[in-house]
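Take a look at the structure set out below.
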Amino acid sequence: MNAPTSNVVAAAKSGSLLDNLRHDIPASLVVFLVALPLSLGIAIASGAPLAAGLIAAVVGGIVAGALGGSSVQVSGPAAGLTVVVAGLIDDLGFPMLCLMTIGAGALQVAFGLSRLARTALAIAPVVVHAMLAGIGITIMLQQVHVLIGGSSHSSAWQNLVALPDGILHHELHEVITGGIVIVILLLWSRLPAKVRLIPAPLVAIVAATALAMAAGLDTDRISLSGNFFDAVNLPHISGASPKGIPWLDEAEDIGVGILTIALIASVESLLCAVGADKLHKGPRTNFDREIIGQGTANMASGLLGGLPITGVIVRSSANVAAGARTRMSAVLHGVWILLFASLFTELVELIPKAALAGLLIVIGGQLIKLAHIKLAWRTGNFAVYVVTTLSVVFLNLLEGVIIGLAVAIGFLLVRVTRAPVAVQPIGDEESKQWRIDIDGTLSFLLLPRLTKALASVPEGTEVTLNLNADYIDDSVSETIGDWQHAHEARGGVVVIVETTDAKLQNAHASPPKRHFAPHPIGLVPWRSARNRTQNDGDASILDRVDEYHRNGSAVLHQHISGLGGAHDPYALFLTCADSRILPNVITASGPGDLYTVRNFGNLVPTDANDRSVDAALEFAASQLGVRSVVICGHSSCAAMKVLLEETPDQAATPMGQWLEYGRASLDAYGDHHPARASAEAVGYSEIDQLSIVNVAVQLERLIRHPMLAAAVSSGDIQVEGIFFDIATTRVYEVTPRGIVCPEEPTRPAAEQPEGRTRRSAAPH
């Protein structure tokens with residue numbers, strides 16, 4: 001983007017009128033030269049009188065430019081409406097189209113006054129892109145017949161079927177004339193920048209016209225059918241449509257046509273305004289005012305006998321690139337078209353129809369953007385794009401958009417409601433313990449997959465069902481409840497863990513509501529960061545700091561900014577140095593809540609000369625006034641594994657010497673400490689059993705610690721033990737007697753399964 005493009009409106013408010021005009025007048029001339037041939041071509045493609053295209057260009061420039069909400073958008077007849085307009089003219093006639101344009105304009109004004117303009121943007125972009133592609137294909141199929149010397153048919157299918165015969169019987173002089181326009185337009189972007197200052201459509205049309213005249217080619221030329229001002233009036237409305245049907249019987253079609261023109265013109269104008277805003281740094285578009293301006297222009301265009309009007313991105317981008325600063329550029333471009341159409345009618349009638357057909361073919365092709373197709377493919381919306389495009393081409397524009405929206409909404413429902421459901425055994429396939437994880441939005445659309453997943457769980461097993469849902473409706477609640485009762489009736493056990501405010505029991509009490517649980521800071525995007533670190537040998541922690549500044553700093557600031565002058569944690573948290581333990585996350589704590597101490601194996605030294613933990617205990621108890629001291633162990637602890645499998649060589653190492661503080665835990669484990677029995681009953685491995693025993697031993701050590709004993713006995717400080725099971729991400733309470741297990745459900749003796757042990761423990 002060059003300097004004029006990026007700063008075109010930067011000085012619009014501060015600059016004087018004369019200074020702005022110094023930029024707006026040249027820009028308006030450029031837009032005029034672009035808009036003139038486009039307006040004529042669109043009139044031909046629509047099957048309307050040529051003057052109707054010029055009238056729409058004049059009104060779009062002057063009225064919409066003066067009243068609209070964008071300072072740089074240029075309006076006029078647009079390719080996006082040609083398919084609709086051509087169909088309406090064919091069915092109802094051009095005079096009725098003018099009345100429908102007035103009605104559509106009034107509807108647009110109502111949209112703007114009721115501040116509904118932005119709702120027109122609630123159409124999926126992929127549908128809009130596909131709609132434009134469908135319009136482009138339709139225009140190309142129509143105009144290729146004009147290019148080869150024939151005439152277009154009423155439907156895309158008829159144009160497609162007739163194309164082979166048209167190519168065989170083509171008129172060479174028409175092909176040459178239109179081909180020159182296509183070649184110039186396609187090659188123009190490769191020419192030097194100074195040459196490209198002249199609008200390509202103008203050069204192409206002038207060159208093709210000059211060649212046809214110089215070579216004496218017998219080409220079919222356009223005709224304005226009289227003076228420009230003779231066409232400026234509301235055409236006479238007869239008592240019936242071109243098909244001889246009374247207008248009253250066509251009322252439904254007329255109403256649909258008005259609504260179609262209003263919606264498409266509004267959407268296209270707003271999308272164009274959004275695109276134009278991206279091209280400059282000046283005032284942003286007032287969308288409600290823009291729709292009011294567009295509606296007023298359409299009412300005026302219909303009253304004067306012109307085509308429907310929308311914002312046009314081709315003219316708007318040319319306006320910005322030419323250096324326009326204010327809306328005066330758009331207004332002046334309309335004035336230039338008015339002067340040309342009224343004074344130089346003879347020049348317009350020299351233009352061959354094939355030349356305009358070539359222009360329209362290129363314009364139609366430009367509506368099909370490879371970038372949009374690639375985007376649809378990457379985002380999984382390619383099917384929506386294809387269905388919408390084909391529907392627009394072979395049905396009509398309104399039906400195509402409705403079908404496209406329906407397909408897009410269908411895909412959206414599937415994506416939003418396709419909650420992950422994972423069923424897996426804890427251990428090997430023969431395990432009696434199973435786990436089911438269900439996340440996301442749980443609605444009746446999930447029932448086929450949910451019932452299949454629940455049916456895959458073997459009978460008589462102990463199941464932990466983890467629900468992390470933002471929405472649960474009554475059908476899902478009922479299905480899970482029925483399955484739970486049936487599974488337990490066959491000797492199984494079901495423990496349901498609900499981690500959000502969306503509860504199964506609430507689904508039957510009131511209409512379901514969506515609940516959101518914020519991601520803990522530090523978890524997102526944790527996995528992607530880890531993958532990058534593993535895959536990049538040069539990865540640095542400073543890269544992660546940069547990531548934090550980009551994505552995490554602002555989030556954290558709102559939670560921690562008020563803690564700058566205060567350090568008031570409620571608990572000292574003593575845990576292992578294992579990187580998988582996230583103290584704030586597993587205790588649902590925030591910044592400033594925990595005073596954390598980590599070491600290898602979450603040990604409390606007994607050597608009076610080792611103050612590594614004592615100093616923190618003293619500071620937390622006497623200076624910070626913590627109310628709780630927590631000792632936290634975890635599953636798959638490397639320290640416990642080394643302690644359990646220690647060799648004589650390891651005993652002399654720093655690691656072995658430190659683990660001497662865990663010797664009491666190992667001895668207690670060997671002496672069948674009650675904590676070992678409770679852990680063994682739950683089904684934990686030897687390493688995890690030792691880890692739980694270690695928590696119980698360190699818990700007793702903390703209770704008796706000289707730094708804490710008095711406060712513990714007085715009740716000022718509470719000492720607690722917890723165990724973090726990494727495999728299940730659950731946290732369990734540990735007492736000096738061991739891990740706390742839930743009570744077994746009461747059952748008649750005949751229903752108790754043989755040899756069953758309980759794997760699930762109650763979370764703290």
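Residues in the structure tokens are numbered from 1 in each chain, the chains being A, B, ... in the order shown, and ligands are numbered from 1 in the order shown.
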
Exercise. Mind checking DSSP for segment 352-460 of chain A and telling me the helix (DSSP H, G or I) residues as a ChimeraX atom specification?
Worked result: /A:353-366,370-378,382-394,397-417,444-455

For this session: Might you pull out every residue within 9 Å of segment 287-292 of chain A, with only C-alpha atoms counted and same-chain residues fewer than 2 positions away left off, and present them as a VMD selection string?
Result: chain A and resid 64 67 to 70 105 to 106 108 to 118 266 269 to 270 273 285 294 to 297

Give me the residues within 9 Å of Ala354 of chain A as an mmCIF file with all heavy atoms, in the first residue's frame, counting only C-alpha atoms and dropping any in the same chain fewer than 2 places off.
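The resulting part_0.cif:
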```cif
data_model
loop_
_atom_site.group_PDB
_atom_site.id
_atom_site.type_symbol
_atom_site.label_atom_id
_atom_site.label_comp_id
_atom_site.auth_asym_id
_atom_site.auth_seq_id
_atom_site.Cartn_x
_atom_site.Cartn_y
_atom_site.Cartn_z
ATOM 1 N N GLN A 143 -22.416 -13.409 -20.484
ATOM 2 C CA GLN A 143 -21.706 -12.503 -21.376
ATOM 3 C C GLN A 143 -20.826 -13.217 -22.396
ATOM 4 O O GLN A 143 -20.464 -12.623 -23.410
ATOM 5 C CB GLN A 143 -20.873 -11.532 -20.548
ATOM 6 C CG GLN A 143 -21.699 -10.623 -19.661
ATOM 7 C CD GLN A 143 -22.747 -9.852 -20.470
ATOM 8 O OE1 GLN A 143 -22.443 -9.233 -21.492
ATOM 9 N NE2 GLN A 143 -24.001 -9.914 -20.005
ATOM 10 N N VAL A 144 -20.477 -14.473 -22.129
ATOM 11 C CA VAL A 144 -19.659 -15.174 -23.113
ATOM 12 C C VAL A 144 -20.442 -15.359 -24.413
ATOM 13 O O VAL A 144 -19.861 -15.371 -25.510
ATOM 14 C CB VAL A 144 -19.167 -16.528 -22.552
ATOM 15 C CG1 VAL A 144 -20.295 -17.540 -22.457
ATOM 16 C CG2 VAL A 144 -18.031 -17.081 -23.407
ATOM 17 N N VAL A 146 -22.623 -13.120 -25.578
ATOM 18 C CA VAL A 146 -22.542 -11.815 -26.242
ATOM 19 C C VAL A 146 -21.177 -11.652 -26.887
ATOM 20 O O VAL A 146 -21.053 -11.111 -27.995
ATOM 21 C CB VAL A 146 -22.803 -10.687 -25.224
ATOM 22 C CG1 VAL A 146 -22.691 -9.320 -25.898
ATOM 23 C CG2 VAL A 146 -24.182 -10.849 -24.587
ATOM 24 N N LEU A 147 -20.138 -12.120 -26.211
ATOM 25 C CA LEU A 147 -18.775 -11.998 -26.719
ATOM 26 C C LEU A 147 -18.589 -12.734 -28.052
ATOM 27 O O LEU A 147 -17.843 -12.279 -28.921
ATOM 28 C CB LEU A 147 -17.801 -12.548 -25.678
ATOM 29 C CG LEU A 147 -16.314 -12.513 -26.036
ATOM 30 C CD1 LEU A 147 -15.800 -11.089 -26.008
ATOM 31 C CD2 LEU A 147 -15.505 -13.375 -25.086
ATOM 32 N N ILE A 148 -19.283 -13.867 -28.208
ATOM 33 C CA ILE A 148 -19.099 -14.659 -29.429
ATOM 34 C C ILE A 148 -20.162 -14.338 -30.483
ATOM 35 O O ILE A 148 -20.309 -15.064 -31.470
ATOM 36 C CB ILE A 148 -19.106 -16.167 -29.109
ATOM 37 C CG1 ILE A 148 -20.407 -16.590 -28.431
ATOM 38 C CG2 ILE A 148 -17.910 -16.535 -28.245
ATOM 39 C CD1 ILE A 148 -20.467 -18.076 -28.063
ATOM 40 N N GLY A 149 -20.912 -13.261 -30.230
ATOM 41 C CA GLY A 149 -21.838 -12.793 -31.252
ATOM 42 C C GLY A 149 -23.253 -13.279 -31.114
ATOM 43 O O GLY A 149 -24.073 -13.033 -32.018
ATOM 44 N N GLU A 174 -16.661 -10.128 -33.373
ATOM 45 C CA GLU A 174 -17.104 -9.861 -31.999
ATOM 46 C C GLU A 174 -16.098 -10.443 -30.998
ATOM 47 O O GLU A 174 -15.773 -9.811 -29.980
ATOM 48 C CB GLU A 174 -18.494 -10.477 -31.762
ATOM 49 C CG GLU A 174 -19.583 -9.986 -32.696
ATOM 50 C CD GLU A 174 -20.087 -8.598 -32.311
ATOM 51 O OE1 GLU A 174 -19.533 -7.991 -31.365
ATOM 52 O OE2 GLU A 174 -21.025 -8.108 -32.965
ATOM 53 N N VAL A 175 -15.590 -11.635 -31.312
ATOM 54 C CA VAL A 175 -14.616 -12.281 -30.427
ATOM 55 C C VAL A 175 -13.344 -11.446 -30.344
ATOM 56 O O VAL A 175 -12.761 -11.277 -29.261
ATOM 57 C CB VAL A 175 -14.300 -13.708 -30.924
ATOM 58 C CG1 VAL A 175 -13.194 -14.336 -30.080
ATOM 59 C CG2 VAL A 175 -15.551 -14.579 -30.888
ATOM 60 N N ILE A 176 -12.905 -10.925 -31.494
ATOM 61 C CA ILE A 176 -11.690 -10.103 -31.500
ATOM 62 C C ILE A 176 -11.886 -8.847 -30.648
ATOM 63 O O ILE A 176 -11.028 -8.483 -29.835
ATOM 64 C CB ILE A 176 -11.311 -9.723 -32.944
ATOM 65 C CG1 ILE A 176 -10.885 -10.971 -33.723
ATOM 66 C CG2 ILE A 176 -10.195 -8.675 -32.944
ATOM 67 C CD1 ILE A 176 -10.637 -10.706 -35.197
ATOM 68 N N THR A 177 -13.028 -8.207 -30.812
ATOM 69 C CA THR A 177 -13.295 -6.966 -30.066
ATOM 70 C C THR A 177 -13.325 -7.228 -28.559
ATOM 71 O O THR A 177 -12.687 -6.512 -27.775
ATOM 72 C CB THR A 177 -14.623 -6.359 -30.520
ATOM 73 O OG1 THR A 177 -14.608 -6.150 -31.936
ATOM 74 C CG2 THR A 177 -14.883 -5.041 -29.811
ATOM 75 N N GLY A 178 -14.096 -8.235 -28.147
ATOM 76 C CA GLY A 178 -14.162 -8.547 -26.716
ATOM 77 C C GLY A 178 -12.862 -9.118 -26.186
ATOM 78 O O GLY A 178 -12.481 -8.865 -25.033
ATOM 79 N N GLY A 179 -12.162 -9.885 -27.036
ATOM 80 C CA GLY A 179 -10.900 -10.478 -26.608
ATOM 81 C C GLY A 179 -9.849 -9.431 -26.302
ATOM 82 O O GLY A 179 -9.026 -9.607 -25.384
ATOM 83 N N VAL A 181 -10.359 -6.491 -25.042
ATOM 84 C CA VAL A 181 -10.667 -5.966 -23.708
ATOM 85 C C VAL A 181 -10.158 -6.923 -22.629
ATOM 86 O O VAL A 181 -9.531 -6.499 -21.648
ATOM 87 C CB VAL A 181 -12.184 -5.741 -23.558
ATOM 88 C CG1 VAL A 181 -12.527 -5.354 -22.123
ATOM 89 C CG2 VAL A 181 -12.661 -4.686 -24.527
ATOM 90 N N THR A 219 -19.442 -4.692 -35.804
ATOM 91 C CA THR A 219 -19.824 -5.138 -34.464
ATOM 92 C C THR A 219 -21.142 -4.512 -34.043
ATOM 93 O O THR A 219 -21.490 -3.405 -34.481
ATOM 94 C CB THR A 219 -18.740 -4.764 -33.432
ATOM 95 O OG1 THR A 219 -18.535 -3.351 -33.473
ATOM 96 C CG2 THR A 219 -17.432 -5.475 -33.736
ATOM 97 N N ASP A 220 -21.854 -5.205 -33.179
ATOM 98 C CA ASP A 220 -23.108 -4.691 -32.644
ATOM 99 C C ASP A 220 -22.785 -3.671 -31.555
ATOM 100 O O ASP A 220 -22.051 -3.970 -30.613
ATOM 101 C CB ASP A 220 -23.927 -5.853 -32.064
ATOM 102 C CG ASP A 220 -25.339 -5.435 -31.705
ATOM 103 O OD1 ASP A 220 -25.731 -4.319 -32.100
ATOM 104 O OD2 ASP A 220 -26.031 -6.202 -31.003
ATOM 105 N N ARG A 221 -23.310 -2.455 -31.700
ATOM 106 C CA ARG A 221 -22.962 -1.387 -30.767
ATOM 107 C C ARG A 221 -24.149 -1.056 -29.862
ATOM 108 O O ARG A 221 -25.300 -1.388 -30.156
ATOM 109 C CB ARG A 221 -22.508 -0.140 -31.532
ATOM 110 C CG ARG A 221 -21.331 -0.430 -32.463
ATOM 111 C CD ARG A 221 -20.887 0.801 -33.235
ATOM 112 N NE ARG A 221 -19.897 0.452 -34.239
ATOM 113 C CZ ARG A 221 -18.603 0.320 -33.994
ATOM 114 N NH1 ARG A 221 -18.135 0.539 -32.774
ATOM 115 N NH2 ARG A 221 -17.770 -0.014 -34.959
ATOM 116 N N ILE A 351 -19.465 2.439 -28.564
ATOM 117 C CA ILE A 351 -18.869 1.294 -27.859
ATOM 118 C C ILE A 351 -19.529 -0.007 -28.320
ATOM 119 O O ILE A 351 -20.758 -0.146 -28.265
ATOM 120 C CB ILE A 351 -19.035 1.459 -26.342
ATOM 121 C CG1 ILE A 351 -18.364 2.754 -25.872
ATOM 122 C CG2 ILE A 351 -18.464 0.252 -25.601
ATOM 123 C CD1 ILE A 351 -18.607 3.067 -24.404
ATOM 124 N N PRO A 352 -18.753 -1.008 -28.752
ATOM 125 C CA PRO A 352 -19.321 -2.310 -29.135
ATOM 126 C C PRO A 352 -19.819 -3.080 -27.904
ATOM 127 O O PRO A 352 -19.212 -3.016 -26.824
ATOM 128 C CB PRO A 352 -18.133 -3.034 -29.780
ATOM 129 C CG PRO A 352 -17.137 -1.968 -30.106
ATOM 130 C CD PRO A 352 -17.318 -0.911 -29.071
ATOM 131 N N LEU A 356 -17.980 -4.432 -23.956
ATOM 132 C CA LEU A 356 -18.538 -4.437 -22.601
ATOM 133 C C LEU A 356 -18.706 -5.864 -22.083
ATOM 134 O O LEU A 356 -18.564 -6.118 -20.886
ATOM 135 C CB LEU A 356 -19.880 -3.702 -22.588
ATOM 136 C CG LEU A 356 -19.812 -2.187 -22.822
ATOM 137 C CD1 LEU A 356 -21.207 -1.594 -22.853
ATOM 138 C CD2 LEU A 356 -18.971 -1.510 -21.754
ATOM 139 N N ALA A 357 -19.015 -6.801 -22.991
ATOM 140 C CA ALA A 357 -19.112 -8.207 -22.578
ATOM 141 C C ALA A 357 -17.767 -8.710 -22.061
ATOM 142 O O ALA A 357 -17.690 -9.419 -21.047
ATOM 143 C CB ALA A 357 -19.598 -9.068 -23.740
ATOM 144 N N GLY A 358 -16.683 -8.348 -22.766
ATOM 145 C CA GLY A 358 -15.354 -8.733 -22.293
ATOM 146 C C GLY A 358 -15.048 -8.147 -20.935
ATOM 147 O O GLY A 358 -14.469 -8.809 -20.055
ATOM 148 N N LEU A 359 -15.441 -6.880 -20.716
ATOM 149 C CA LEU A 359 -15.252 -6.239 -19.421
ATOM 150 C C LEU A 359 -16.009 -6.981 -18.326
ATOM 151 O O LEU A 359 -15.485 -7.241 -17.238
ATOM 152 C CB LEU A 359 -15.718 -4.784 -19.511
ATOM 153 C CG LEU A 359 -15.742 -3.978 -18.205
ATOM 154 C CD1 LEU A 359 -14.342 -3.834 -17.636
ATOM 155 C CD2 LEU A 359 -16.367 -2.613 -18.432
#
```

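Of the listed residues A:Gln718, A:Ile726, A:Pro458, A:Glu733, the one whose atoms come nearest to Ser579 of chain A is A:Ile726, with distances taken using only C-alpha atoms.
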
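Within 7 Å of segment 385-398 of chain A there are A:Val84, A:Val126, A:Val127, A:Ala130, A:Met131, A:Ala133, A:Gly134, A:Ile135, A:Ile137, A:Thr138, A:Ala156, A:Trp157, A:Thr260, A:Ala376, A:Asn381, A:Phe382, A:Ala383, A:Gly400, A:Val401, A:Ile402, A:Ile403, A:Gly404, counting only C-alpha atoms and ignoring same-chain residues fewer than 2 positions away.
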
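Distances here use only C-alpha atoms; by that measure, the residue among A:Tyr595, A:Phe344, A:Trp377, A:Phe228 closest to Ala571 of chain A is A:Tyr595.
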
Problem set entry | Long-range neighbours of Pro569 of chain A as an NGL selection string, 7 Å cut-off, only C-alpha atoms, 5 positions minimum in chain | :A and (592-595 or 626)

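Shortest separation to Thr500 of chain A among A:Val267, A:Ile472, A:Ile313, A:Met328 occurs at residue A:Ile472, atoms counted being only C-alpha atoms.
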
Problem set entry | Selection near segment 636-650 of chain A, 6 Å with only C-alpha atoms, sequence-local residues under 5 positions removed, as a list in words | Gly601, Gly656 and Ile687 of chain A

Seminar exercise, completed: For Ile409 of chain A, the closest of A:Asn466, A:Leu572, A:Asn584, A:Ala124 counting only C-alpha atoms is A:Ala124

Exercise. Counting only C-alpha atoms, which of A:Val85, A:Ala677, A:Ala422, A:Ile496 gets nearest to Ile264 of chain A?
Worked result: A:Val85

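Shortest atom-to-atom contact with Gln689 of chain A among A:Ser635, A:Asn506, A:Thr310, A:Thr728: A:Ser635, counting only C-alpha atoms.
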